[in-house]
There are 2 protein chains.
Amino acid sequence: MPTYDPLTPDGLDALERGWRRIVSDLGIEFLHEDALELFRRAGQRVDGELVRCDPDWLLETLSTTPTAFTLRARNPERSVEFGLDRMVFTPVQSAPFVREGTDRRNALFSDFERMVRLTHVVDDLDTPGYPVCDPADREPETRHLDLQMALIENSDKPYGAAQFLPVGVADSIAMAEMVHGGRAALEEQPALFGIINANSPRRFDTRMIGSLLLLAEANQVVVVTPFILMGAMGPVSIPAALAQQTAEALVGMALAQLVRPGCPAIMGSFISHTDMQSGSPGFGGPESAIGLLVSGQIARRYGLLWRSGGGGLTSSQVVDAQAAAEAFSTMQAAFLAGANLVLHTAGWLESGLVACYEKMALDIDILRVLQHEFTPLDLHDDPAAFAAFDEAGPGGHFFGTMHTLEHFRDCFYRPLVFSTENYERWESRGAKDTAVRAGERVTELLAGYEQPPLDDGLRQELQAYVARRKVEIEAEL
Amino acid sequence: MPTYDPLTPDGLDALERGWRRIVSDLGIEFLHEDALELFRRAGQRVDGELVRCDPDWLLETLSTTPTAFTLRARNPERSVEFGLDRMVFTPVQSAPFVREGTDRRNALFSDFERMVRLTHVVDDLDTPGYPVCDPADREPETRHLDLQMALIENSDKPYGAAQFLPVGVADSIAMAEMVHGGRAALEEQPALFGIINANSPRRFDTRMIGSLLLLAEANQVVVVTPFILMGAMGPVSIPAALAQQTAEALVGMALAQLVRPGCPAIMGSFISHTDMQSGSPGFGGPESAIGLLVSGQIARRYGLLWRSGGGGLTSSQVVDAQAAAEAFSTMQAAFLAGANLVLHTAGWLESGLVACYEKMALDIDILRVLQHEFTPLDLHDDPAAFAAFDEAGPGGHFFGTMHTLEHFRDCFYRPLVFSTENYERWESRGAKDTAVRAGERVTELLAGYEQPPLDDGLRQELQAYVARRKVEIEAEL
């Protein structure tokens, strides 16, 4: 389906003037000597930790970024194709809390496992990403080892690296090497992706750069994402924030190409606003949607794969009307804007603080509605549909026409949690609202889960690695 | 903002082949001798009640349909401009039931008045239309007189004619003549619009044609709307149903031009599906959205104003996540498709059986979000926003920059019922979900209502007309 372009070419030119000025005049800080050295060697101006780039050099450097690649899964049938006309979906990431029904609690390791399993059974989600939620019942320093192991054991879809610290990335790569047949095989076809956040405005911190360097060296997928809440990490102006986002993302992506030309890299976008009355972040409002729509246009201008901040975003505290309206708004914007990687597609609640089971089922329904809506219509002349007009006659009905009888099973979208029941029937079946039905659907989905097979030798090798690394890390504390 | 065109020109050609075949080969029934005579005189083939048109003649006949006009309100400041790049919004229409909190009841006359008042105080709604709900506590035969009177007394926005029977239209016109200074003035600038439904498939019934003829003779706005639930009134194929919708709408609009060339007429669209498992109608799903997106393209191809089936549609039974997702989906589709008249924007629930107060406030927030999103970005280079980058510095924040301080009041959308409160604050304030907050907002909006002034002489004249007509109509029963 076509993308939606809100800006005229003049408008895009204005944004380009903005990001060019930011990268060349203001510059971006890189708090890592290896990164500074790479920019220096490439002939860019480095003052202390501030890097100023020639914008034309930047675009030239980005020209080695691939626009299509396969993210390898341990089950080859689950490998995921990335491309300019494709969309890849992950559930919510990094939520410290979980909501299940009316229970709002710290995320537990068992929640992490259940959410990975949900992702595994839902065909519309391509990858769990990495931290669907952040379990509080595992030690922060070694948690990433447990999560990587759980990702491998509970699903055979591709997944993300433990990106928050270089040590996490190094362990993720080591484990992925075991899964995929060694370093050379891993470098040949990426199996991990990592979200590298800018410390907006105009800064990448030491840890994130360290993670980026390790991923790029191993030819794994780098998703450079400025996270900009306008009013806090960016100006209270959507065009200025978009110029900032573009500047930060392009320079970060260029770093990946300096490390390893041809390394798969994705332009990240994540613009939202700060509620200037409360100081709270706001997600899923019109600013989020506009940010997404224009980000897509920017990515297309430069021929880059791009990640949308999210589908499914909301500031709502519960799975109510606001949650669904905001989720639908951001998800539809991701479709209209042609996002190639959509994070937070399912389960995001409360501005991302909460991974919610019922929201997950709701969002999956919304995702499926949009996949249905954005499938091009089959417009070949259909004599059978036409014959139905004659068969029904003026003022007649189509329930019994041949064409209807042939197609009634699959002619329309069949929802997961949405209901068309009439009031009396709905009431007699318990008057369950969408959130309640979504909870029931989660239970059904989990009941249908089967753990995919994993070679015993590989499992033991991974377990031994995890055990050894835990001892090493704890010894260093 | 640009519209979204899902179909290629080839796709539109295929749809055009479809509607041409329907109007020329299959034909449309008109159960009214005056209509048949008009088609006959225009040289079209009439067999019994079946009219077959030359498609080229049809397009030629429609060329007198205006693409811009003003719908006159009794307060000139409330008059509404129609045009190809404008959108006009009405609340839900024709609901037999009302929902308020957990109370679901037959609609009452007091509900009708309160919903007209809500429409009056909300700037984003341009007109109450005609029957926001169908009060059960007034006699069906004379109800239209009370409703027309209530529309005039409770708001000075323009409104719709009592379109369901010719007698209703005649009384609406007579009363509008009193309000607007006589027949000649009314004919000069329309003050009423009427929804003329086709009795799909391929039929207009006697009463609807009678209403259309009266409206067109008086130069009032005719909105010709096929109402097609695929599987019931149309084939289970979106392209075939769109061809049918176009055929029925164009021929109905042509009838208006035969009555009075230059009469304002709007192409109606209303395609949804039948849940083939339950037999219930489904609203707000992907089929509704696709129907809207393509209807807009069809209208643009023929240079016609068009009405979207709705914004705000849903099959949900309560103001929950499904209600909001489906409402957002149809409302956004109406925006993307550039609908010029959007019915059912606010308050629609339970497949249109229910007009719901809380849903009204929710939908108004959704409408405002989309109006914000579909306002073109101001992309002039903004030195103040740029200076903020310098002021904040790398890794800094923008809360205190000059640019933020100057713009914090109006830089972002401020919602009506949506909340960004953090969990603790939200909980301490009663843990109210969106539906509860929407109910509070309705109370506030109604508290702010003031009845607009109405000339005493005019009021008495209208009251006398209503009283006299009630006696006449009752005498005829």
# chains A, B, ... in the order shown; residues from 1 in each chain; ligands from 1
$ residues_around --residues "A:Ala241" --least-positions-apart "3" --cutoff "10 Å" --atoms "only C-alpha atoms" --output "PyMOL selection string"
(chain A and resi 15+18-19+201+228-231+233-238+244-247+271-272+291) or (chain B and resi 385-386+389)
$ residues_around --residues "B:Gly395" --least-positions-apart "5" --cutoff "12 Å" --atoms "only C-alpha atoms" --output "list of chain:residue names"
A:Ile28, A:Glu29, A:Phe30, A:Leu31, A:Leu50, A:Ala198, A:Asn199, A:Ser200, A:Pro201, A:Arg202, A:Arg203, A:Phe204, A:Asp205, A:Pro226, A:Phe227, A:Ile228, A:Ala232, A:Met233, A:Gly234, A:Glu248, B:Phe389, B:Asp390
$ write_last_selection --atoms "N, CA and C atoms" --output "mmCIF file, in the first residue's frame"
data_model
loop_
_atom_site.group_PDB
_atom_site.id
_atom_site.type_symbol
_atom_site.label_atom_id
_atom_site.label_comp_id
_atom_site.auth_asym_id
_atom_site.auth_seq_id
_atom_site.Cartn_x
_atom_site.Cartn_y
_atom_site.Cartn_z
ATOM 1 N N ILE A 28 27.516 16.937 17.744
ATOM 2 C CA ILE A 28 26.971 15.891 18.613
ATOM 3 C C ILE A 28 28.117 15.374 19.478
ATOM 4 N N GLU A 29 27.849 15.197 20.768
ATOM 5 C CA GLU A 29 28.875 14.670 21.674
ATOM 6 C C GLU A 29 28.934 13.146 21.655
ATOM 7 N N PHE A 30 30.115 12.603 21.627
ATOM 8 C CA PHE A 30 30.320 11.154 21.748
ATOM 9 C C PHE A 30 31.266 10.916 22.920
ATOM 10 N N LEU A 31 30.753 10.336 23.987
ATOM 11 C CA LEU A 31 31.543 10.171 25.208
ATOM 12 C C LEU A 31 32.300 8.839 25.167
ATOM 13 N N LEU A 50 33.050 16.778 21.235
ATOM 14 C CA LEU A 50 32.043 17.250 20.297
ATOM 15 C C LEU A 50 32.478 16.969 18.860
ATOM 16 N N ALA A 198 20.263 7.494 21.678
ATOM 17 C CA ALA A 198 21.023 8.710 21.933
ATOM 18 C C ALA A 198 20.617 9.226 23.306
ATOM 19 N N ASN A 199 21.528 9.868 23.968
ATOM 20 C CA ASN A 199 21.206 10.546 25.220
ATOM 21 C C ASN A 199 20.832 11.977 24.850
ATOM 22 N N SER A 200 19.681 12.112 24.206
ATOM 23 C CA SER A 200 19.285 13.379 23.602
ATOM 24 C C SER A 200 19.162 14.459 24.663
ATOM 25 N N PRO A 201 19.502 15.693 24.350
ATOM 26 C CA PRO A 201 19.912 16.193 23.038
ATOM 27 C C PRO A 201 21.422 16.039 22.774
ATOM 28 N N ARG A 202 21.727 15.652 21.547
ATOM 29 C CA ARG A 202 23.058 15.786 20.966
ATOM 30 C C ARG A 202 24.163 15.099 21.778
ATOM 31 N N ARG A 203 23.881 13.925 22.266
ATOM 32 C CA ARG A 203 24.909 13.200 23.008
ATOM 33 C C ARG A 203 24.665 11.696 22.902
ATOM 34 N N PHE A 204 25.763 10.942 22.745
ATOM 35 C CA PHE A 204 25.724 9.490 22.932
ATOM 36 C C PHE A 204 26.637 9.186 24.095
ATOM 37 N N ASP A 205 26.152 8.390 25.068
ATOM 38 C CA ASP A 205 26.975 8.159 26.246
ATOM 39 C C ASP A 205 27.897 6.944 26.046
ATOM 40 N N PRO A 226 17.249 8.215 18.731
ATOM 41 C CA PRO A 226 17.095 9.339 19.646
ATOM 42 C C PRO A 226 15.727 9.208 20.322
ATOM 43 N N PHE A 227 15.667 9.380 21.609
ATOM 44 C CA PHE A 227 14.396 9.340 22.335
ATOM 45 C C PHE A 227 14.128 10.760 22.806
ATOM 46 N N ILE A 228 13.198 11.422 22.120
ATOM 47 C CA ILE A 228 13.023 12.858 22.326
ATOM 48 C C ILE A 228 11.619 13.157 22.834
ATOM 49 N N ALA A 232 11.556 18.345 27.055
ATOM 50 C CA ALA A 232 12.585 17.818 27.969
ATOM 51 C C ALA A 232 13.885 17.589 27.190
ATOM 52 N N MET A 233 13.897 16.589 26.310
ATOM 53 C CA MET A 233 15.104 16.304 25.537
ATOM 54 C C MET A 233 15.110 16.964 24.170
ATOM 55 N N GLY A 234 14.149 17.809 23.903
ATOM 56 C CA GLY A 234 14.104 18.511 22.621
ATOM 57 C C GLY A 234 13.247 19.759 22.745
ATOM 58 N N GLU A 248 20.815 13.333 15.097
ATOM 59 C CA GLU A 248 21.372 12.362 16.040
ATOM 60 C C GLU A 248 21.409 10.957 15.443
ATOM 61 N N PHE B 389 18.627 24.802 21.205
ATOM 62 C CA PHE B 389 19.639 23.739 21.188
ATOM 63 C C PHE B 389 20.912 24.213 21.863
ATOM 64 N N ASP B 390 21.317 25.434 21.543
ATOM 65 C CA ASP B 390 22.522 25.995 22.146
ATOM 66 C C ASP B 390 22.339 26.182 23.644
#
$ closest_residue --among "B:Thr3, B:Asn106, B:Thr225, B:Thr206" --to "chain A" --atoms "only C-alpha atoms"
B:Thr3
$ residues_around --residues "stretch 59-68 of chain B" --least-positions-apart "4" --cutoff "9 Å" --atoms "only C-alpha atoms" --output "list of chain:residue names"
B:Asp54, B:Pro55, B:Glu81, B:Phe82, B:Gly83, B:Leu84, B:Leu250, B:Val251, B:Met253, B:Ala254, B:Leu255, B:Ala256, B:Gln257, B:Leu258, B:Pro261, B:Gly262, B:Cys263, B:Pro264, B:Ala265, B:Ile266, B:Tyr302, B:Gly303, B:Leu304, B:Leu305
$ write_last_selection --atoms "C-alpha atoms" --output "mmCIF file, in the first residue's frame"
data_model
loop_
_atom_site.group_PDB
_atom_site.id
_atom_site.type_symbol
_atom_site.label_atom_id
_atom_site.label_comp_id
_atom_site.auth_asym_id
_atom_site.auth_seq_id
_atom_site.Cartn_x
_atom_site.Cartn_y
_atom_site.Cartn_z
ATOM 1 C CA ASP B 54 -26.234 5.963 -19.914
ATOM 2 C CA PRO B 55 -23.155 6.373 -17.663
ATOM 3 C CA GLU B 81 -19.154 26.277 4.543
ATOM 4 C CA PHE B 82 -19.110 23.126 2.463
ATOM 5 C CA GLY B 83 -16.291 22.619 -0.011
ATOM 6 C CA LEU B 84 -13.999 19.985 -1.498
ATOM 7 C CA LEU B 250 -24.714 8.822 -8.612
ATOM 8 C CA VAL B 251 -28.129 7.949 -9.997
ATOM 9 C CA MET B 253 -27.796 12.549 -7.159
ATOM 10 C CA ALA B 254 -28.677 12.812 -10.839
ATOM 11 C CA LEU B 255 -32.364 12.713 -9.903
ATOM 12 C CA ALA B 256 -31.775 15.792 -7.725
ATOM 13 C CA GLN B 257 -30.181 17.563 -10.692
ATOM 14 C CA LEU B 258 -33.130 16.597 -12.915
ATOM 15 C CA PRO B 261 -30.066 21.683 -11.821
ATOM 16 C CA GLY B 262 -27.549 23.216 -9.441
ATOM 17 C CA CYS B 263 -29.234 21.803 -6.336
ATOM 18 C CA PRO B 264 -26.566 21.031 -3.729
ATOM 19 C CA ALA B 265 -26.061 17.285 -3.537
ATOM 20 C CA ILE B 266 -23.523 15.162 -1.696
ATOM 21 C CA TYR B 302 -15.845 12.783 -10.211
ATOM 22 C CA GLY B 303 -15.291 16.109 -8.436
ATOM 23 C CA LEU B 304 -18.147 15.596 -5.979
ATOM 24 C CA LEU B 305 -18.622 16.503 -2.355
#
$ select_by_dssp --residues "stretch 142-284 of chain B" --states "alpha helix (DSSP H)" --output "VMD selection string"
chain B and resid 143 to 154 166 to 180 183 to 188 206 to 217 238 to 259
$ atom_distance --atom1 "atom CA of A:Ile364" --atom2 "atom CA of A:Ala346"
6.1 Å
$ residues_around --residues "B:Glu188" --least-positions-apart "6" --cutoff "10 Å" --atoms "only C-alpha atoms" --output "PyMOL selection string"
chain B and resi 218-220
$ write_last_selection --atoms "C-alpha atoms" --output "short mmCIF file (atom, residue, chain, number, x, y, z; two decimals), in the first residue's frame"
data_model
loop_
_atom_site.label_atom_id
_atom_site.label_comp_id
_atom_site.auth_asym_id
_atom_site.auth_seq_id
_atom_site.Cartn_x
_atom_site.Cartn_y
_atom_site.Cartn_z
CA ALA B 218 -36.49 23.87 -2.51
CA ASN B 219 -32.76 23.86 -3.35
CA GLN B 220 -31.88 22.26 -0.02
#
$ residues_around --residues "B:Asp275" --least-positions-apart "3" --cutoff "10 Å" --atoms "only C-alpha atoms" --output "list in words"
Phe408, Arg409, Cys411, Phe412, Tyr413, Arg414, Ser419, Thr420 and Glu421 of chain A; Leu229, Met230, Gly231, Ser272, Ser278, Gly279, Ser280, Pro281, Gly282 and Phe283 of chain B
$ select_by_dssp --residues "stretch 22-57 of chain B" --states "strand (DSSP E or B)" --output "MDAnalysis selection string"
chainID B and resid 28:30 45:47 50:52
$ write_last_selection --atoms "N, CA and C atoms" --output "PDB file, in the first residue's frame"
ATOM      1  N   ILE B  28     -31.444   0.613 -11.724  1.00  0.00           N
ATOM      2  CA  ILE B  28     -31.828   0.945 -10.347  1.00  0.00           C
ATOM      3  C   ILE B  28     -33.343   1.170 -10.333  1.00  0.00           C
ATOM      4  N   GLU B  29     -34.018   0.629  -9.331  1.00  0.00           N
ATOM      5  CA  GLU B  29     -35.468   0.833  -9.219  1.00  0.00           C
ATOM      6  C   GLU B  29     -35.799   2.145  -8.502  1.00  0.00           C
ATOM      7  N   PHE B  30     -36.772   2.853  -9.023  1.00  0.00           N
ATOM      8  CA  PHE B  30     -37.293   4.059  -8.359  1.00  0.00           C
ATOM      9  C   PHE B  30     -38.798   3.870  -8.170  1.00  0.00           C
ATOM     10  N   ARG B  45     -33.647   4.961 -20.199  1.00  0.00           N
ATOM     11  CA  ARG B  45     -34.525   3.806 -20.422  1.00  0.00           C
ATOM     12  C   ARG B  45     -35.244   3.421 -19.124  1.00  0.00           C
ATOM     13  N   VAL B  46     -36.564   3.421 -19.166  1.00  0.00           N
ATOM     14  CA  VAL B  46     -37.353   3.081 -17.982  1.00  0.00           C
ATOM     15  C   VAL B  46     -38.253   1.894 -18.316  1.00  0.00           C
ATOM     16  N   ASP B  47     -38.022   0.772 -17.608  1.00  0.00           N
ATOM     17  CA  ASP B  47     -38.863  -0.419 -17.794  1.00  0.00           C
ATOM     18  C   ASP B  47     -39.571  -0.688 -16.472  1.00  0.00           C
ATOM     19  N   LEU B  50     -37.786   0.164 -13.209  1.00  0.00           N
ATOM     20  CA  LEU B  50     -36.336   0.011 -13.341  1.00  0.00           C
ATOM     21  C   LEU B  50     -35.784   1.053 -14.314  1.00  0.00           C
ATOM     22  N   VAL B  51     -34.810   1.819 -13.813  1.00  0.00           N
ATOM     23  CA  VAL B  51     -34.191   2.861 -14.634  1.00  0.00           C
ATOM     24  C   VAL B  51     -32.794   2.414 -15.022  1.00  0.00           C
ATOM     25  N   ARG B  52     -32.534   2.415 -16.326  1.00  0.00           N
ATOM     26  CA  ARG B  52     -31.165   2.165 -16.792  1.00  0.00           C
ATOM     27  C   ARG B  52     -30.642   3.449 -17.408  1.00  0.00           C
TER      28      ARG B  52
END
$ atom_distance --atom1 "atom CA of B:Ala339" --atom2 "atom CA of B:Ser211"
23.8 Å
$ residues_around --residues "stretch 442-455 of chain B" --least-positions-apart "3" --cutoff "8 Å" --atoms "only C-alpha atoms" --output "mmCIF file with N, CA and C atoms, in the first residue's frame"
data_model
loop_
_atom_site.group_PDB
_atom_site.id
_atom_site.type_symbol
_atom_site.label_atom_id
_atom_site.label_comp_id
_atom_site.auth_asym_id
_atom_site.auth_seq_id
_atom_site.Cartn_x
_atom_site.Cartn_y
_atom_site.Cartn_z
ATOM 1 N N ARG B 114 -30.750 17.454 25.262
ATOM 2 C CA ARG B 114 -29.412 17.545 25.863
ATOM 3 C C ARG B 114 -28.324 17.287 24.818
ATOM 4 N N ARG B 117 -27.909 20.281 22.748
ATOM 5 C CA ARG B 117 -27.169 21.297 23.524
ATOM 6 C C ARG B 117 -25.673 20.983 23.570
ATOM 7 N N LEU B 118 -25.346 19.702 23.727
ATOM 8 C CA LEU B 118 -23.925 19.318 23.695
ATOM 9 C C LEU B 118 -23.305 19.713 22.349
ATOM 10 N N HIS B 120 -24.287 22.035 20.491
ATOM 11 C CA HIS B 120 -24.216 23.500 20.436
ATOM 12 C C HIS B 120 -22.959 24.035 21.119
ATOM 13 N N VAL B 121 -22.580 23.458 22.247
ATOM 14 C CA VAL B 121 -21.446 24.018 22.999
ATOM 15 C C VAL B 121 -20.089 23.528 22.494
ATOM 16 N N VAL B 122 -20.079 22.478 21.689
ATOM 17 C CA VAL B 122 -18.791 21.946 21.229
ATOM 18 C C VAL B 122 -18.477 22.534 19.851
ATOM 19 N N GLU B 153 -34.745 25.908 18.773
ATOM 20 C CA GLU B 153 -34.699 26.604 20.072
ATOM 21 C C GLU B 153 -33.393 26.353 20.824
ATOM 22 N N ASN B 154 -32.809 25.157 20.686
ATOM 23 C CA ASN B 154 -31.667 24.795 21.539
ATOM 24 C C ASN B 154 -30.308 25.095 20.941
ATOM 25 N N SER B 155 -30.296 25.485 19.674
ATOM 26 C CA SER B 155 -29.011 25.795 19.048
ATOM 27 C C SER B 155 -29.246 26.781 17.916
ATOM 28 N N ASP B 156 -28.247 27.578 17.638
ATOM 29 C CA ASP B 156 -28.343 28.433 16.444
ATOM 30 C C ASP B 156 -27.378 27.963 15.361
ATOM 31 N N TYR B 357 -23.732 9.315 25.916
ATOM 32 C CA TYR B 357 -23.151 10.593 26.350
ATOM 33 C C TYR B 357 -21.631 10.505 26.499
ATOM 34 N N GLU B 358 -21.168 9.476 27.194
ATOM 35 C CA GLU B 358 -19.723 9.370 27.439
ATOM 36 C C GLU B 358 -18.970 9.155 26.129
ATOM 37 N N ALA B 361 -18.238 12.506 24.441
ATOM 38 C CA ALA B 361 -17.062 13.244 24.907
ATOM 39 C C ALA B 361 -15.780 12.563 24.424
ATOM 40 N N ALA B 438 -15.041 10.877 30.860
ATOM 41 C CA ALA B 438 -15.872 11.422 29.771
ATOM 42 C C ALA B 438 -17.235 11.835 30.312
ATOM 43 N N GLY B 439 -17.774 11.045 31.228
ATOM 44 C CA GLY B 439 -19.058 11.403 31.830
ATOM 45 C C GLY B 439 -18.963 12.723 32.583
ATOM 46 N N LEU B 458 -40.985 35.128 16.277
ATOM 47 C CA LEU B 458 -40.660 33.935 15.488
ATOM 48 C C LEU B 458 -40.995 32.671 16.274
ATOM 49 N N ARG B 459 -40.645 32.689 17.555
ATOM 50 C CA ARG B 459 -40.931 31.523 18.383
ATOM 51 C C ARG B 459 -42.438 31.222 18.386
#
